[in-house]
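As provided, my_file16.pdb (PDB, C-alpha atoms and all ligand atoms) reads as follows.
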ATOM      1  CA  MET V   1      20.878 -55.210  68.246
ATOM      2  CA  PRO V   2      19.799 -51.778  69.490
ATOM      3  CA  VAL V   3      19.360 -50.470  65.937
ATOM      4  CA  ILE V   4      17.209 -52.525  63.583
ATOM      5  CA  LYS V   5      17.196 -51.986  59.809
ATOM      6  CA  THR V   6      14.416 -52.996  57.480
ATOM      7  CA  HIS V   7      14.109 -52.114  53.865
ATOM      8  CA  ASN V   8      10.979 -52.035  51.734
ATOM      9  CA  SER V   9      10.276 -52.078  48.015
ATOM     10  CA  SER V  10       9.861 -48.277  47.767
ATOM     11  CA  GLY V  11      13.539 -47.845  48.677
ATOM     12  CA  THR V  12      12.766 -46.718  52.218
ATOM     13  CA  LEU V  13      15.133 -47.751  54.963
ATOM     14  CA  VAL V  14      13.232 -48.043  58.245
ATOM     15  CA  VAL V  15      15.592 -47.593  61.193
ATOM     16  CA  THR V  16      14.162 -48.687  64.538
ATOM     17  CA  ILE V  17      15.857 -47.857  67.845
ATOM     18  CA  SER V  18      15.256 -50.893  70.014
ATOM     19  CA  ARG V  19      16.174 -50.992  73.709
ATOM     20  CA  PRO V  20      12.746 -51.729  75.149
ATOM     21  CA  ASP V  21      14.028 -52.186  78.731
ATOM     22  CA  ALA V  22      15.400 -48.623  78.762
ATOM     23  CA  LEU V  23      12.648 -46.941  76.713
ATOM     24  CA  ASN V  24      15.047 -46.946  73.740
ATOM     25  CA  ALA V  25      17.502 -44.616  75.537
ATOM     26  CA  LEU V  26      20.636 -43.823  73.526
ATOM     27  CA  ASN V  27      23.606 -45.621  75.036
ATOM     28  CA  GLU V  28      26.988 -45.777  73.335
ATOM     29  CA  ALA V  29      26.208 -48.953  71.371
ATOM     30  CA  THR V  30      22.987 -47.421  70.056
ATOM     31  CA  MET V  31      24.711 -44.201  68.995
ATOM     32  CA  ASN V  32      27.421 -46.207  67.215
ATOM     33  CA  GLY V  33      24.836 -48.460  65.559
ATOM     34  CA  LEU V  34      22.856 -45.441  64.400
ATOM     35  CA  ARG V  35      25.958 -43.797  62.948
ATOM     36  CA  ASP V  36      26.813 -46.974  60.994
ATOM     37  CA  VAL V  37      23.300 -47.196  59.542
ATOM     38  CA  ILE V  38      23.159 -43.524  58.553
ATOM     39  CA  GLN V  39      26.598 -43.681  56.945
ATOM     40  CA  GLU V  40      25.505 -46.754  55.021
ATOM     41  CA  ALA V  41      22.346 -44.947  53.878
ATOM     42  CA  TYR V  42      24.463 -42.095  52.501
ATOM     43  CA  GLN V  43      26.405 -44.553  50.348
ATOM     44  CA  ASN V  44      23.961 -47.267  49.361
ATOM     45  CA  ASP V  45      21.803 -46.334  46.358
ATOM     46  CA  THR V  46      19.235 -48.972  47.310
ATOM     47  CA  TYR V  47      18.147 -46.645  50.108
ATOM     48  CA  ARG V  48      16.296 -43.566  48.833
ATOM     49  CA  GLY V  49      14.903 -42.270  52.115
ATOM     50  CA  ILE V  50      14.914 -43.045  55.843
ATOM     51  CA  ILE V  51      12.115 -43.393  58.379
ATOM     52  CA  LEU V  52      13.492 -43.265  61.909
ATOM     53  CA  THR V  53      11.365 -44.662  64.718
ATOM     54  CA  GLY V  54      11.392 -46.324  68.131
ATOM     55  CA  ASP V  55      10.466 -49.898  68.958
ATOM     56  CA  GLY V  56       7.050 -50.432  70.535
ATOM     57  CA  GLU V  57       4.281 -48.015  71.428
ATOM     58  CA  LYS V  58       5.642 -46.310  74.555
ATOM     59  CA  ALA V  59       8.862 -44.600  73.548
ATOM     60  CA  PHE V  60      10.543 -43.151  70.503
ATOM     61  CA  VAL V  61      13.712 -42.458  72.525
ATOM     62  CA  ALA V  62      13.623 -41.432  76.227
ATOM     63  CA  GLY V  63      16.926 -39.579  75.976
ATOM     64  CA  ALA V  64      20.595 -40.263  76.344
ATOM     65  CA  ASP V  65      21.260 -43.194  78.668
ATOM     66  CA  ILE V  66      21.403 -41.561  82.116
ATOM     67  CA  LYS V  67      23.062 -44.648  83.591
ATOM     68  CA  GLU V  68      26.112 -44.026  81.369
ATOM     69  CA  PHE V  69      26.415 -40.468  82.736
ATOM     70  CA  THR V  70      27.423 -41.311  86.270
ATOM     71  CA  SER V  71      31.189 -41.615  85.789
ATOM     72  CA  LEU V  72      31.779 -38.932  83.138
ATOM     73  CA  THR V  73      34.709 -36.546  83.422
ATOM     74  CA  LYS V  74      34.317 -33.025  82.001
ATOM     75  CA  GLU V  75      36.463 -33.960  78.989
ATOM     76  CA  GLN V  76      34.429 -37.092  78.341
ATOM     77  CA  ALA V  77      31.203 -35.083  78.641
ATOM     78  CA  PHE V  78      32.470 -32.572  76.066
ATOM     79  CA  GLU V  79      33.416 -35.417  73.727
ATOM     80  CA  LEU V  80      30.038 -37.075  74.263
ATOM     81  CA  ALA V  81      28.212 -33.877  73.319
ATOM     82  CA  GLN V  82      30.380 -33.438  70.228
ATOM     83  CA  LYS V  83      29.816 -37.058  69.236
ATOM     84  CA  GLY V  84      26.045 -36.664  69.581
ATOM     85  CA  GLN V  85      26.100 -33.351  67.752
ATOM     86  CA  SER V  86      28.086 -34.767  64.836
ATOM     87  CA  LEU V  87      25.837 -37.834  64.525
ATOM     88  CA  PHE V  88      22.712 -35.674  64.520
ATOM     89  CA  LYS V  89      24.282 -33.298  61.992
ATOM     90  CA  LEU V  90      24.962 -36.309  59.766
ATOM     91  CA  ILE V  91      21.224 -37.052  59.933
ATOM     92  CA  GLU V  92      20.257 -33.422  59.326
ATOM     93  CA  ASP V  93      22.595 -33.172  56.325
ATOM     94  CA  CYS V  94      21.556 -36.495  54.798
ATOM     95  CA  PRO V  95      20.855 -35.874  51.096
ATOM     96  CA  LYS V  96      18.011 -38.408  51.273
ATOM     97  CA  PRO V  97      14.796 -37.463  53.124
ATOM     98  CA  VAL V  98      14.694 -38.475  56.800
ATOM     99  CA  ILE V  99      11.302 -38.632  58.547
ATOM    100  CA  ALA V 100      10.989 -39.146  62.310
ATOM    101  CA  ALA V 101       8.000 -41.352  63.143
ATOM    102  CA  VAL V 102       7.619 -40.515  66.839
ATOM    103  CA  ASN V 103       5.730 -43.327  68.534
ATOM    104  CA  GLY V 104       5.913 -42.256  72.201
ATOM    105  CA  PHE V 105       8.305 -40.402  74.542
ATOM    106  CA  ALA V 106      10.772 -38.190  72.650
ATOM    107  CA  LEU V 107      12.704 -36.688  75.540
ATOM    108  CA  GLY V 108      16.151 -35.143  75.818
ATOM    109  CA  GLY V 109      18.332 -36.842  73.200
ATOM    110  CA  GLY V 110      15.134 -38.364  71.758
ATOM    111  CA  CYS V 111      13.614 -34.949  71.095
ATOM    112  CA  GLU V 112      16.994 -33.831  69.738
ATOM    113  CA  LEU V 113      17.123 -36.862  67.437
ATOM    114  CA  ALA V 114      13.614 -36.165  66.130
ATOM    115  CA  MET V 115      14.548 -32.516  65.552
ATOM    116  CA  ALA V 116      17.602 -33.511  63.506
ATOM    117  CA  CYS V 117      15.289 -35.336  61.071
ATOM    118  CA  HIS V 118      13.802 -33.371  58.180
ATOM    119  CA  MET V 119      10.251 -33.639  59.551
ATOM    120  CA  ARG V 120       8.347 -35.179  62.447
ATOM    121  CA  ILE V 121       5.117 -37.161  62.569
ATOM    122  CA  ALA V 122       3.800 -38.352  65.911
ATOM    123  CA  THR V 123       1.159 -40.519  67.500
ATOM    124  CA  GLU V 124      -1.318 -38.907  69.879
ATOM    125  CA  ASN V 125       0.414 -40.505  72.906
ATOM    126  CA  ALA V 126       3.838 -39.071  72.016
ATOM    127  CA  LYS V 127       5.389 -36.640  74.491
ATOM    128  CA  PHE V 128       8.149 -34.169  73.752
ATOM    129  CA  GLY V 129      10.518 -32.334  76.061
ATOM    130  CA  GLN V 130      14.055 -31.411  77.076
ATOM    131  CA  PRO V 131      14.080 -32.580  80.720
ATOM    132  CA  GLU V 132      17.874 -32.324  81.219
ATOM    133  CA  VAL V 133      17.406 -29.506  83.741
ATOM    134  CA  ASN V 134      15.751 -32.048  86.055
ATOM    135  CA  LEU V 135      19.133 -33.809  86.146
ATOM    136  CA  GLY V 136      21.148 -30.618  86.681
ATOM    137  CA  LEU V 137      22.174 -30.807  83.029
ATOM    138  CA  ILE V 138      21.495 -29.055  79.706
ATOM    139  CA  PRO V 139      20.667 -30.500  76.270
ATOM    140  CA  GLY V 140      23.912 -31.537  74.576
ATOM    141  CA  TYR V 141      23.010 -33.047  71.203
ATOM    142  CA  GLY V 142      21.938 -29.850  69.447
ATOM    143  CA  GLY V 143      18.687 -29.261  71.354
ATOM    144  CA  THR V 144      19.517 -25.731  72.485
ATOM    145  CA  GLN V 145      19.937 -24.801  68.821
ATOM    146  CA  ARG V 146      17.350 -26.822  66.900
ATOM    147  CA  LEU V 147      14.506 -26.317  69.366
ATOM    148  CA  ALA V 148      14.924 -22.547  69.088
ATOM    149  CA  GLN V 149      15.092 -22.847  65.291
ATOM    150  CA  LEU V 150      11.869 -24.856  65.147
ATOM    151  CA  VAL V 151       9.669 -23.199  67.764
ATOM    152  CA  GLY V 152      11.338 -19.812  68.424
ATOM    153  CA  ARG V 153      13.600 -18.723  71.249
ATOM    154  CA  GLY V 154      10.926 -17.905  73.834
ATOM    155  CA  LYS V 155       9.100 -21.231  73.647
ATOM    156  CA  ALA V 156      12.411 -23.123  73.412
ATOM    157  CA  LEU V 157      13.661 -21.458  76.587
ATOM    158  CA  GLU V 158      10.379 -22.210  78.359
ATOM    159  CA  LEU V 159      10.693 -25.901  77.490
ATOM    160  CA  ILE V 160      14.421 -26.118  78.311
ATOM    161  CA  LEU V 161      14.175 -24.185  81.601
ATOM    162  CA  THR V 162      11.029 -25.883  82.942
ATOM    163  CA  GLY V 163      11.855 -29.356  81.609
ATOM    164  CA  ASP V 164       8.121 -29.672  80.859
ATOM    165  CA  MET V 165       6.832 -32.499  78.714
ATOM    166  CA  ILE V 166       4.289 -31.469  76.094
ATOM    167  CA  SER V 167       1.731 -33.553  74.219
ATOM    168  CA  ALA V 168       1.933 -34.311  70.518
ATOM    169  CA  GLN V 169      -0.923 -31.860  69.885
ATOM    170  CA  GLU V 170       0.897 -29.074  71.766
ATOM    171  CA  ALA V 171       4.074 -29.951  69.861
ATOM    172  CA  LYS V 172       2.126 -29.605  66.624
ATOM    173  CA  ALA V 173       0.657 -26.260  67.718
ATOM    174  CA  ILE V 174       4.158 -24.793  68.261
ATOM    175  CA  GLY V 175       5.622 -26.229  65.040
ATOM    176  CA  LEU V 176       7.719 -28.984  66.576
ATOM    177  CA  VAL V 177       5.624 -31.696  64.899
ATOM    178  CA  ASN V 178       4.195 -31.687  61.372
ATOM    179  CA  HIS V 179       1.309 -34.167  61.801
ATOM    180  CA  VAL V 180      -0.343 -36.120  64.610
ATOM    181  CA  VAL V 181      -2.170 -39.426  64.092
ATOM    182  CA  GLY V 182      -4.014 -41.806  66.394
ATOM    183  CA  THR V 183      -2.243 -45.133  66.259
ATOM    184  CA  ARG V 184       1.126 -46.733  65.582
ATOM    185  CA  ALA V 185      -0.281 -48.289  62.388
ATOM    186  CA  GLU V 186      -1.465 -44.866  61.185
ATOM    187  CA  LEU V 187       1.961 -43.435  62.025
ATOM    188  CA  ASP V 188       3.781 -45.977  59.890
ATOM    189  CA  GLU V 189       1.248 -45.500  57.094
ATOM    190  CA  LEU V 190       1.497 -41.684  57.045
ATOM    191  CA  ALA V 191       5.302 -41.697  57.285
ATOM    192  CA  GLN V 192       5.446 -44.019  54.292
ATOM    193  CA  LYS V 193       2.834 -41.998  52.391
ATOM    194  CA  ILE V 194       4.851 -38.778  52.785
ATOM    195  CA  MET V 195       8.061 -40.637  51.932
ATOM    196  CA  ASP V 196       6.477 -42.157  48.812
ATOM    197  CA  LYS V 197       5.397 -38.713  47.655
ATOM    198  CA  ILE V 198       8.920 -37.306  48.137
ATOM    199  CA  LEU V 199      10.377 -40.328  46.317
ATOM    200  CA  THR V 200       8.387 -39.440  43.175
ATOM    201  CA  LYS V 201      10.331 -36.145  42.978
ATOM    202  CA  GLY V 202      13.744 -35.613  41.473
ATOM    203  CA  PRO V 203      16.285 -36.993  43.980
ATOM    204  CA  LEU V 204      18.777 -34.264  43.126
ATOM    205  CA  ALA V 205      16.185 -31.529  43.707
ATOM    206  CA  VAL V 206      15.329 -33.149  47.051
ATOM    207  CA  ALA V 207      18.996 -33.309  48.077
ATOM    208  CA  LEU V 208      19.669 -29.742  46.940
ATOM    209  CA  SER V 209      16.566 -28.476  48.797
ATOM    210  CA  ILE V 210      17.826 -30.051  52.030
ATOM    211  CA  LYS V 211      21.264 -28.554  51.458
ATOM    212  CA  ALA V 212      19.851 -25.090  50.762
ATOM    213  CA  VAL V 213      17.527 -25.062  53.791
ATOM    214  CA  ASN V 214      20.309 -26.320  56.068
ATOM    215  CA  ALA V 215      22.739 -23.704  54.783
ATOM    216  CA  GLY V 216      20.890 -21.099  56.839
ATOM    217  CA  TYR V 217      21.476 -23.106  60.019
ATOM    218  CA  GLY V 218      25.154 -24.056  59.664
ATOM    219  CA  PHE V 219      27.162 -25.188  62.660
ATOM    220  CA  GLU V 220      29.479 -22.203  62.400
ATOM    221  CA  LYS V 221      26.515 -19.786  62.655
ATOM    222  CA  ASN V 222      25.135 -21.366  65.768
ATOM    223  CA  GLY V 223      25.935 -22.156  69.365
ATOM    224  CA  TYR V 224      26.784 -25.852  69.089
ATOM    225  CA  GLN V 225      30.296 -25.327  70.456
ATOM    226  CA  ALA V 226      28.899 -23.321  73.385
ATOM    227  CA  GLU V 227      26.304 -26.042  73.950
ATOM    228  CA  ALA V 228      28.986 -28.752  74.182
ATOM    229  CA  GLU V 229      31.100 -26.599  76.520
ATOM    230  CA  ASN V 230      28.183 -25.802  78.831
ATOM    231  CA  PHE V 231      26.955 -29.409  78.756
ATOM    232  CA  ALA V 232      30.437 -30.440  79.924
ATOM    233  CA  ALA V 233      30.509 -27.668  82.562
ATOM    234  CA  ALA V 234      27.198 -28.909  83.998
ATOM    235  CA  THR V 235      28.522 -32.452  84.411
ATOM    236  CA  VAL V 236      31.124 -31.423  87.021
ATOM    237  CA  THR V 237      28.576 -29.852  89.383
ATOM    238  CA  ASP V 238      27.115 -31.336  92.578
ATOM    239  CA  ASP V 239      23.676 -30.666  91.087
ATOM    240  CA  PHE V 240      24.387 -32.993  88.157
ATOM    241  CA  ARG V 241      25.567 -35.758  90.490
ATOM    242  CA  GLU V 242      22.473 -35.246  92.621
ATOM    243  CA  GLY V 243      20.122 -35.103  89.581
ATOM    244  CA  THR V 244      21.394 -38.286  87.953
ATOM    245  CA  THR V 245      21.648 -40.173  91.257
ATOM    246  CA  ALA V 246      18.086 -39.142  92.140
ATOM    247  CA  PHE V 247      16.817 -40.421  88.762
ATOM    248  CA  ILE V 248      18.505 -43.784  89.251
ATOM    249  CA  GLU V 249      17.263 -43.998  92.872
ATOM    250  CA  LYS V 250      13.763 -42.996  91.690
ATOM    251  CA  ARG V 251      13.460 -39.976  94.013
ATOM    252  CA  LYS V 252      13.177 -36.189  93.669
ATOM    253  CA  PRO V 253      16.537 -34.368  93.456
ATOM    254  CA  VAL V 254      17.566 -31.763  96.031
ATOM    255  CA  PHE V 255      19.597 -29.124  94.196
ATOM    256  CA  THR V 256      21.968 -26.769  96.015
ATOM    257  CA  GLY V 257      23.251 -24.664  93.107
ATOM    258  CA  LYS V 258      26.788 -25.954  93.521
TER
HETATM  259  N1  LIG M   1      18.330 -43.468  80.471
HETATM  260  C1  LIG M   1      18.444 -44.664  81.059
HETATM  261  N2  LIG M   1      17.398 -45.408  81.437
HETATM  262  C2  LIG M   1      16.173 -44.895  81.201
HETATM  263  C3  LIG M   1      15.970 -43.645  80.601
HETATM  264  C4  LIG M   1      17.127 -42.916  80.220
HETATM  265  N3  LIG M   1      17.056 -41.733  79.613
HETATM  266  N4  LIG M   1      14.652 -43.399  80.522
HETATM  267  C5  LIG M   1      14.038 -44.470  81.054
HETATM  268  N5  LIG M   1      14.950 -45.366  81.457
HETATM  269  C6  LIG M   1      14.709 -46.671  82.105
HETATM  270  C7  LIG M   1      14.267 -46.489  83.548
HETATM  271  O1  LIG M   1      15.391 -46.290  84.395
HETATM  272  C8  LIG M   1      13.556 -47.795  83.784
HETATM  273  O2  LIG M   1      14.511 -48.790  84.014
HETATM  274  P1  LIG M   1      14.310 -49.863  85.241
HETATM  275  O3  LIG M   1      13.087 -50.630  84.823
HETATM  276  O4  LIG M   1      15.575 -50.655  85.183
HETATM  277  O5  LIG M   1      14.113 -49.065  86.480
HETATM  278  C9  LIG M   1      12.894 -48.102  82.432
HETATM  279  O6  LIG M   1      13.616 -47.330  81.474
HETATM  280  C10 LIG M   1      11.449 -47.683  82.353
HETATM  281  O7  LIG M   1      11.341 -46.324  82.743
HETATM  282  P2  LIG M   1      10.388 -45.795  83.912
HETATM  283  O8  LIG M   1      10.960 -44.491  84.408
HETATM  284  O9  LIG M   1      10.150 -46.858  84.919
HETATM  285  O10 LIG M   1       9.050 -45.549  83.074
HETATM  286  P3  LIG M   1       7.871 -44.525  83.425
HETATM  287  O11 LIG M   1       6.767 -44.868  82.498
HETATM  288  O12 LIG M   1       7.615 -44.492  84.881
HETATM  289  O13 LIG M   1       8.470 -43.068  83.031
HETATM  290  C11 LIG M   1       9.661 -41.494  81.645
HETATM  291  C12 LIG M   1       8.781 -42.771  81.700
HETATM  292  C13 LIG M   1      10.097 -41.303  80.199
HETATM  293  C14 LIG M   1       8.862 -40.262  82.109
HETATM  294  C15 LIG M   1      10.896 -41.680  82.568
HETATM  295  O14 LIG M   1      11.513 -42.929  82.252
HETATM  296  C16 LIG M   1      11.948 -40.607  82.453
HETATM  297  O15 LIG M   1      11.777 -39.514  82.980
HETATM  298  N6  LIG M   1      13.076 -40.897  81.761
HETATM  299  C17 LIG M   1      14.187 -40.003  81.665
HETATM  300  C18 LIG M   1      13.918 -38.923  80.654
HETATM  301  C19 LIG M   1      15.097 -37.968  80.601
HETATM  302  O16 LIG M   1      15.414 -37.274  81.551
HETATM  303  N7  LIG M   1      15.756 -37.908  79.433
HETATM  304  C20 LIG M   1      16.846 -37.023  79.215
HETATM  305  C21 LIG M   1      18.129 -37.680  79.540
HETATM  306  S1  LIG M   1      19.488 -36.561  79.299
END
Encoded form using structure tokens:
Amino acid sequence: MPVIKTHNSSGTLVVTISRPDALNALNEATMNGLRDVIQEAYQNDTYRGIILTGDGEKAFVAGADIKEFTSLTKEQAFELAQKGQSLFKLIEDCPKPVIAAVNGFALGGGCELAMACHMRIATENAKFGQPEVNLGLIPGYGGTQRLAQLVGRGKALELILTGDMISAQEAKAIGLVNHVVGTRAELDELAQKIMDKILTKGPLAVALSIKAVNAGYGFEKNGYQAEAENFAAATVTDDFREGTTAFIEKRKPVFTGK
């Protein structure tokens, strides 16, 4: 199973993305599994909060699964972006607190997933970035919107246009990450400690706080539609075919701007 659920006595649901052979990249099965778990968490009163993490110590999530990109039509790409956007919005709008415990690479869809959570805690070895441009692509699961919301437009554009990976400490300095700790064990401990504190508060006040904060960042006020359209437009270019093929063939892409 690419999405593992565990539940502890505090009422925390720990959701672990687990595809170790692909650095926990989000393929279709993983996205579907994640949606099922989040929908269940909305409905099941046993779960009072969610900690979202990646299996192991190397990767949180290394992005959408690039190997599933190779045969996409423009229409399918648009649908894929909308599917990712709606799943991540479901996470963002969850009335129960959602903490991302980022245990390694959080790239592309992984960074977007972490940003959809209500806060982010990371280990020192975690790396953040939106490297889609290296594939001739753009972020498609809300990254063009949430990164700008979290770190400001200038820094967001620098990260999206360069595709640079930044360290957990740099991510903390620009406001992308709330706290950085040394080890995986410390990560799990701090995530639970923050969750336990939130779980002592009134659940309705927590839910209403999330709703009120999110109201300022509604879908209709933002460029999510434009993101999905431009994500789809990028997938019919030669550059996208070259970028994804080069990744799979483990070589540098040669872009022509076509
Ligand atoms: N989609 C599909 N497979 C992925 C993946 C992704 N996003 N990220 C990593 N993998 C796979 C690799 O293809 C490799 O598989 P293989 O062993 O069958 O060749 C395996 O995971 C391990 O990755 P590898 O690249 O060998 O590890 P590394 O330590 O050398 O590099 C990264 C780690 C994260 C820098 C590198 O994997 C990477 O750049 N990944 C893609 C990140 C990205 O562009 N994400 C956005 C996608 S839109």
* From the set V:Gly104, V:Gly84, V:Gly163, V:Gly110, which residue has the shortest atom-to-atom contact distance to Tyr141 in chain V, counting all atoms listed in the file? ->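 Result for the nearest residue to Tyr141 in chain V: V:Gly84.
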Please return the centre and edge lengths, in Å to one decimal, of a box with edges along x, y and z that contains all listed atoms of ligand LIG 1 (chain M), widened by 8 Å on every side, as AutoDock Vina command-line options.
--center_x 13.1 --center_y -43.6 --center_z 82.8 --size_x 28.7 --size_y 30.1 --size_z 23.3
Within 7 Å of ligand LIG 1 (chain M): each chain V residue with its shortest pair, only C-alpha atoms and all ligand atoms, as CSV:
residue,atom,partner,partner_atom,distance
V:Asp21,CA,M:LIG1,O6,5.6
V:Ala22,CA,M:LIG1,O6,3.5
V:Leu23,CA,M:LIG1,O6,4.9
V:Ala25,CA,M:LIG1,C4,5.0
V:Ala62,CA,M:LIG1,N3,4.8
V:Gly63,CA,M:LIG1,N7,4.0
V:Ala64,CA,M:LIG1,C21,4.8
V:Asp65,CA,M:LIG1,N1,3.5
V:Ile66,CA,M:LIG1,N1,4.0
V:Lys67,CA,M:LIG1,C1,5.3
V:Phe105,CA,M:LIG1,C13,6.0
V:Leu107,CA,M:LIG1,N7,5.1
V:Gly108,CA,M:LIG1,C20,3.9
V:Gly109,CA,M:LIG1,C20,6.2
V:Gln130,CA,M:LIG1,C20,6.6
V:Pro131,CA,M:LIG1,O16,5.0
V:Glu132,CA,M:LIG1,S1,4.9
V:Asn134,CA,M:LIG1,O16,6.9
V:Leu135,CA,M:LIG1,O16,6.9
V:Pro139,CA,M:LIG1,S1,6.9
V:Ile248,CA,M:LIG1,O1,6.3
* Asked: Which protein, DNA or RNA residues have an atom at most 12 Å from (28.5, -25.2, 64.2), counting all atoms listed in the file? List them as a PyMOL selection string.
  -> chain V and resi 82+85-86+88-89+141-142+145-146+214-228
* Asked: In Å, with one decimal, what is the gap from CA of Ser18 in chain V to CA of Glu57 in chain V?
  -> 11.4 Å
* Distance CA of Glu92 in chain V-CA of Ala59 in chain V, one decimal place? -> 21.4 Å
Kindly provide the residues of range 168-209 of chain V that approach range 148-162 of chain V to within 10 Å, each paired with its closest atom pair and their distance in Å to one decimal, based on only C-alpha atoms, listed by chain and increasing number, as JSON lines.
{"residue": "V:Ala171", "atom": "CA", "partner": "V:Val151", "partner_atom": "CA", "distance": 9.0}
{"residue": "V:Lys172", "atom": "CA", "partner": "V:Val151", "partner_atom": "CA", "distance": 10.0}
{"residue": "V:Ala173", "atom": "CA", "partner": "V:Val151", "partner_atom": "CA", "distance": 9.5}
{"residue": "V:Ile174", "atom": "CA", "partner": "V:Val151", "partner_atom": "CA", "distance": 5.8}
{"residue": "V:Gly175", "atom": "CA", "partner": "V:Val151", "partner_atom": "CA", "distance": 5.7}
{"residue": "V:Leu176", "atom": "CA", "partner": "V:Leu150", "partner_atom": "CA", "distance": 6.0}
{"residue": "V:Val177", "atom": "CA", "partner": "V:Leu150", "partner_atom": "CA", "distance": 9.3}
* Using all atoms listed in the file, which residues sit within 8 Å of range 70-78 of chain V once same-chain residues fewer than 2 positions away are excluded, as number ranges by chain? -> V: 66-68, 80-82, 228-229, 231-233, 235-236, 241, 244-245
* To do: Starting from the shown file, work through the PyMOL selection byres (((chain V and resi 19) around 10) and not hetatm) and note down what comes out as an MDAnalysis selection string.
  => chainID V and resid 1:3 16:18 20:27 30 54:56 59 61
* Asked: What is the distance between CA of Asp238 in chain V and CA of Glu112 in chain V, in Å to one decimal?
  ->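 CA of Glu112 in chain V lies at a distance of 25.1 Å from CA of Asp238 in chain V.
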